[in-house]
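Student: I am attaching a structure below and will ask some questions about it afterwards.
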Amino acid sequence: MAAGFPNLVPALMGLLLFLCVGPWAEGGKVLVVPMDGSHWLSMKEALQELHARGHQIVVVSPDVNLHIKREDFFTLMTYAISYTQDEFNDLLLAQASLAFEEVHFLKMFFKSIEILKTASFIFQTSCKELMYNKDLIGHLNASSFDVVLTDPVYPCGAILAKYLSLPAVFFLRSIPCDLDSESTQCPNPSSYIPRLLTMNSDHMTFLQRVKNMLYPLSLKYICHIIFTPYASLASELLQRDVSVVEVFSSASVWLFRGDFVMDYPRPVMPNMVFIGGINCANRKPLSQVCIGAYDVPSGTHFFPP
Ligand SMILES: *[C@@H]1O[C@H](CO)[C@@H](O)[C@H](O)[C@H]1NC(C)=O
């Protein structure tokens, strides 16, 4: 009994804290600028949970999109853009069909770059049309949100957060060209961290380390196509020179939908949090075909003895 008594003090403190905070804790107002496609499917799960915990959610999306549709756990605000659903669908089809084409590697590379350029242009246009939509921006500015939740692969949300002077929370699988490390000033040594597409492991020979340093150079070109126009847009809006890294460095927290089970360990900053388990939020039972493959009665012989 005497031994149990000291434990009572922290418990009472906890209860007091709960009573102080609990009844008056209010939900926040979250402005969401999502990336369309599969990225949105994971984000939707998180929004549903935020809504269940009493937060108010507004999602901003162009009226032409793939998956972002009305749901009862958020308010959807769409804005008009200058391309049609048909043009958007054609782009997606071109991208999908490329994966099944059997063409020479180089031809595939140039075709991919071409599609990437068109896709980037469409997203950049969409972002511009949001930022210059006076009514919508005025309304969002007047709504006094607490935070912007966004996937930085589509940097529009990060720019909007800066434009409205709101804190940003990033929710992402990954971002190319080590922009996350650069923006958070996180150590990122080429000699230890295997780079994207190199197939290197965390133990590299000298030549593999050279390869590890050269591969990111080619990706830089792709990142230039994807991200540089957003720096120009941010500079236009904020009326000063803004770099891509500055746009990303404004994030308060980076929530990575990854896990070191899948990716090689690397240094991280205190505001980088790994939430890979969220990808499994929507579990479904395995199909009968899958189960059948494993469901072998004991004593069964696959090969005749
Ligand atoms: C948002 O509102 C504030 C206060 O009215 C104003 O100073 C600011 O310029 C507005 N920002 C934008 C992006 O409209």
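Ligands are numbered from 1 in the order shown, chains are lettered A, B, ... in the order of the structure tokens, and residues start at 1 in each chain.
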Using only C-alpha atoms and all ligand atoms, find each residue of chain A with at least one atom at most 10 Å away from an atom of ligand 1; report its shortest atom-to-atom pair and that distance in Å (one decimal), sort the rows by chain and rising residue number, and return the result as CSV.

Tutor:
```
residue,atom,partner,partner_atom_place_in_ligand_line,distance
A:Met131,CA,ligand 1,13 (C),8.6
A:Tyr132,CA,ligand 1,13 (C),9.8
A:Lys134,CA,ligand 1,14 (O),7.9
A:Asp135,CA,ligand 1,14 (O),9.6
A:Leu136,CA,ligand 1,14 (O),9.7
A:Ile137,CA,ligand 1,14 (O),6.3
A:Gly138,CA,ligand 1,14 (O),5.5
A:His139,CA,ligand 1,14 (O),8.8
A:Leu140,CA,ligand 1,14 (O),8.5
A:Asn141,CA,ligand 1,1 (C),4.9
A:Ala142,CA,ligand 1,2 (O),6.3
A:Ser143,CA,ligand 1,2 (O),9.6
A:Ser144,CA,ligand 1,2 (O),9.0
A:Leu160,CA,ligand 1,13 (C),8.4
A:Ala161,CA,ligand 1,13 (C),9.6
A:Lys162,CA,ligand 1,13 (C),8.9
A:Tyr163,CA,ligand 1,13 (C),5.3
A:Leu164,CA,ligand 1,13 (C),5.1
A:Ser165,CA,ligand 1,11 (N),8.0
A:Leu237,CA,ligand 1,13 (C),8.2
A:Leu238,CA,ligand 1,13 (C),8.9
```

Student: Using only C-alpha atoms, which residues sit within 6 Å of segment 67-79 of chain A once same-chain residues fewer than 6 positions away are excluded, as a PyMOL selection string?

Tutor: chain A and resi 37+51+57-61

Student: Report the residues of segment 70-174 of chain A whose backbone DSSP state falls under strand (DSSP E), written as a PyMOL selection string.

Tutor: chain A and resi 75-79+147-150+168-172

Student: DSSP says alpha helix (DSSP H) for which residues of segment 177-252 of chain A? Put them as a ChimeraX atom specification?

Tutor: /A:179-184,206-238,244-249

Student: By how many Å are atom CA of Asp241 of chain A and atom CA of Leu217 of chain A apart?

Tutor: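 Distance between the two atoms: 24.2 Å.
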
Student: Between A:Leu106, A:Ala234, A:Leu8, A:Ile122, which is the closest to Gly157 of chain A once you count only C-alpha atoms?

Tutor: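 Residue with the minimum atom-to-atom distance to Gly157 of chain A: A:Ala234.
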
Student: Please list as a list in words every residue within 7 Å of segment 148-150 of chain A, counting only C-alpha atoms and excluding residues in the same chain fewer than 5 positions away.

Tutor: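 Result of the neighbour search: Val30, Leu31, Val32, Val33, Pro34, Gly157, Ala158, Ala161, Leu166, Pro167, Ala168, Val169, Phe170 and Phe171 of chain A.
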
Student: So which residues touch Val268 of chain A within 9 Å, counting only C-alpha atoms, skipping near sequence neighbours fewer than 3 positions away, as a list in words?

Tutor: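 Selected residues are Ser181, Thr184, Cys186, Pro187, Asn188, Pro265, Asn271, Met272 and Val273 of chain A.
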